[in-house]
Every structure is written in structure tokens, then in C-alpha cells.
Amino acid sequence: MIAPAVKTAVALEPYVVRVVFADGEVRDVDVEPLLGGPVFRTLRDPAVFSQVQVDEYAESIVWPNGADLDPDVIYGSAEPATGPAPRISTPNRA
């Protein structure tokens with residue numbers, strides 16, 4: 001299953017991003033398990049983490065330092081290619 005487009009992304013508590021998809025599904029994505037990798041390490045800084053955005057072209061979430069998360073992984077329909085996986089919960093529909 002291919003994930004629907006990402007519509008919004010908002011940084012919540014430390015290391016959690018609330019992602020709203022085009023189909024109305026909402027996922028809270030805890031990226032703390034990823035923060036040991038070289039690209040994600042700088043996201044430990046709350047000021048950097050809070051800069052999460054939606055890349056409308058790639059339909060993923062991104063940060064200014066180049067870190068990004070694939071929408072299929074965020075939606076829970078695919079495993080990450082390498083390394084640890086983010087923790088994902090489905091709190092409700094938008």
C-alpha cells in the first residue's frame with residue numbers, strides 16, 4: 001500500500017511529529033529512535049526539530065539540515081530501508 005500525500009506536519013513534544021495525511025489519517029511519529037544517525041543527530045536540538053516541514057514535491061516531512069522521512073514509513077505501510085524505525089501511533093482522524 002502506498003501512503004497518501006502528507007498534508008501537514010507539526011512538531012509536538014520532544015522528538016514527536018504529528019503528521020496529517022490527505023486521507024484524513026493522523027500519525028504521531030516519535031523519531032527519537034533515529035536520532036543516533038548522522039543526519040538525524042542535529043534534530044536533538046529542539047530549535048532544529050521544531051523546523052519540520054512538508055516537502056510537497058516528495059510528499060514527505062523534512063528538516064532544513066536535510067533529514068527527511070519517507071511517507072510510506074511514516075504511514076506505517078513500509079519498513080525503513082536501513083537503521084532503526086520511528087515509533088508510530090494513530091491518534092485519530094483529522
# chains A, B, ... in the order shown; residues from 1 in each chain; ligands from 1
>>> residues_around(residues="Val54 of chain A", least_positions_apart="4", cutoff="10 Å", atoms="only C-alpha atoms", output="ChimeraX atom specification")
/A:5-10,19,58-63,68
>>> residues_around(residues="Ala47 of chain A", least_positions_apart="6", cutoff="12 Å", atoms="only C-alpha atoms", output="MDAnalysis selection string")
chainID A and resid 11 14:15 63:65
>>> write_last_selection(atoms="N, CA and C atoms", output="mmCIF file, in the first residue's frame")
data_model
loop_
_atom_site.group_PDB
_atom_site.id
_atom_site.type_symbol
_atom_site.label_atom_id
_atom_site.label_comp_id
_atom_site.auth_asym_id
_atom_site.auth_seq_id
_atom_site.Cartn_x
_atom_site.Cartn_y
_atom_site.Cartn_z
ATOM 1 N N ALA A 11 5.625 19.783 14.896
ATOM 2 C CA ALA A 11 6.439 19.252 15.983
ATOM 3 C C ALA A 11 5.637 19.354 17.281
ATOM 4 N N PRO A 14 9.107 16.753 22.604
ATOM 5 C CA PRO A 14 10.415 16.446 22.031
ATOM 6 C C PRO A 14 10.413 15.155 21.201
ATOM 7 N N TYR A 15 10.819 15.313 19.961
ATOM 8 C CA TYR A 15 11.048 14.204 19.034
ATOM 9 C C TYR A 15 9.784 13.548 18.488
ATOM 10 N N TRP A 63 13.507 18.417 7.347
ATOM 11 C CA TRP A 63 14.075 19.461 8.183
ATOM 12 C C TRP A 63 15.127 20.191 7.373
ATOM 13 N N PRO A 64 15.450 21.439 7.739
ATOM 14 C CA PRO A 64 16.432 22.220 6.975
ATOM 15 C C PRO A 64 17.816 21.586 6.880
ATOM 16 N N ASN A 65 18.171 20.699 7.808
ATOM 17 C CA ASN A 65 19.500 20.075 7.763
ATOM 18 C C ASN A 65 19.580 18.919 6.765
#
>>> select_by_dssp(residues="chain A", states="strand (DSSP E or B)", output="PyMOL selection string")
chain A and resi 6-11+16-21+25-30+53-55+60-62+68-69+87-89+93
>>> residues_around(residues="segment 37-40 of chain A", least_positions_apart="2", cutoff="10 Å", atoms="only C-alpha atoms", output="ChimeraX atom specification")
/A:31-35,42-44,49,63,65-68,83-84
>>> residues_around(residues="Ile74 of chain A", least_positions_apart="6", cutoff="9 Å", atoms="only C-alpha atoms", output="PyMOL selection string")
chain A and resi 3+19+27-29+60-61+86-88
>>> atom_distance(atom1="atom CA of Arg18 of chain A", atom2="atom CA of Pro46 of chain A")
15.2 Å
>>> select_by_dssp(residues="segment 23-78 of chain A", states="alpha helix (DSSP H)", output="list in words")
Pro46, Ala47, Val48, Phe49, Pro71, Asp72, Val73, Ile74 and Tyr75 of chain A
>>> closest_residue(among="A:Leu69, A:Ser50, A:Gly76, A:Ile2", to="Val26 of chain A", atoms="only C-alpha atoms")
A:Gly76
>>> decode(residues="segment 4-50 of chain A", atoms="C-alpha atoms", output="CSV table (one decimal), in the first residue's frame")
chain,number,residue,atom,x,y,z
A,4,PRO,CA,-1.4,9.1,0.8
A,5,ALA,CA,0.2,12.6,0.5
A,6,VAL,CA,1.4,14.3,3.6
A,7,LYS,CA,-0.6,17.5,4.2
A,8,THR,CA,0.7,18.9,7.4
A,9,ALA,CA,3.5,18.2,9.9
A,10,VAL,CA,3.7,19.8,13.4
A,11,ALA,CA,6.4,19.3,16.0
A,12,LEU,CA,4.9,18.2,19.3
A,13,GLU,CA,6.7,17.1,22.4
A,14,PRO,CA,10.4,16.4,22.0
A,15,TYR,CA,11.0,14.2,19.0
A,16,VAL,CA,7.4,13.6,18.1
A,17,VAL,CA,5.9,15.0,14.9
A,18,ARG,CA,2.1,14.9,14.2
A,19,VAL,CA,1.6,14.2,10.5
A,20,VAL,CA,-1.8,14.6,8.8
A,21,PHE,CA,-2.3,12.7,5.5
A,22,ALA,CA,-4.6,13.5,2.6
A,23,ASP,CA,-6.9,10.6,3.6
A,24,GLY,CA,-7.5,12.2,7.0
A,25,GLU,CA,-5.4,9.8,8.9
A,26,VAL,CA,-3.2,11.3,11.6
A,27,ARG,CA,0.1,9.7,12.8
A,28,ASP,CA,2.2,10.7,15.7
A,29,VAL,CA,5.8,9.8,14.8
A,30,ASP,CA,8.4,9.5,17.5
A,31,VAL,CA,11.7,9.9,15.7
A,32,GLU,CA,13.8,9.5,18.9
A,33,PRO,CA,15.0,6.0,17.7
A,34,LEU,CA,16.5,7.7,14.7
A,35,LEU,CA,18.5,10.4,16.5
A,36,GLY,CA,21.8,8.5,16.6
A,37,GLY,CA,22.3,8.6,12.9
A,38,PRO,CA,24.5,11.4,11.4
A,39,VAL,CA,21.7,13.3,9.6
A,40,PHE,CA,19.2,13.0,12.4
A,41,ARG,CA,21.6,13.7,15.3
A,42,THR,CA,21.2,17.5,14.9
A,43,LEU,CA,17.4,17.1,15.5
A,44,ARG,CA,18.1,16.6,19.2
A,45,ASP,CA,18.3,20.4,19.4
A,46,PRO,CA,14.6,21.4,20.0
A,47,ALA,CA,15.1,24.6,17.9
A,48,VAL,CA,16.1,22.5,14.9
A,49,PHE,CA,13.5,19.8,15.5
A,50,SER,CA,10.7,22.3,15.6
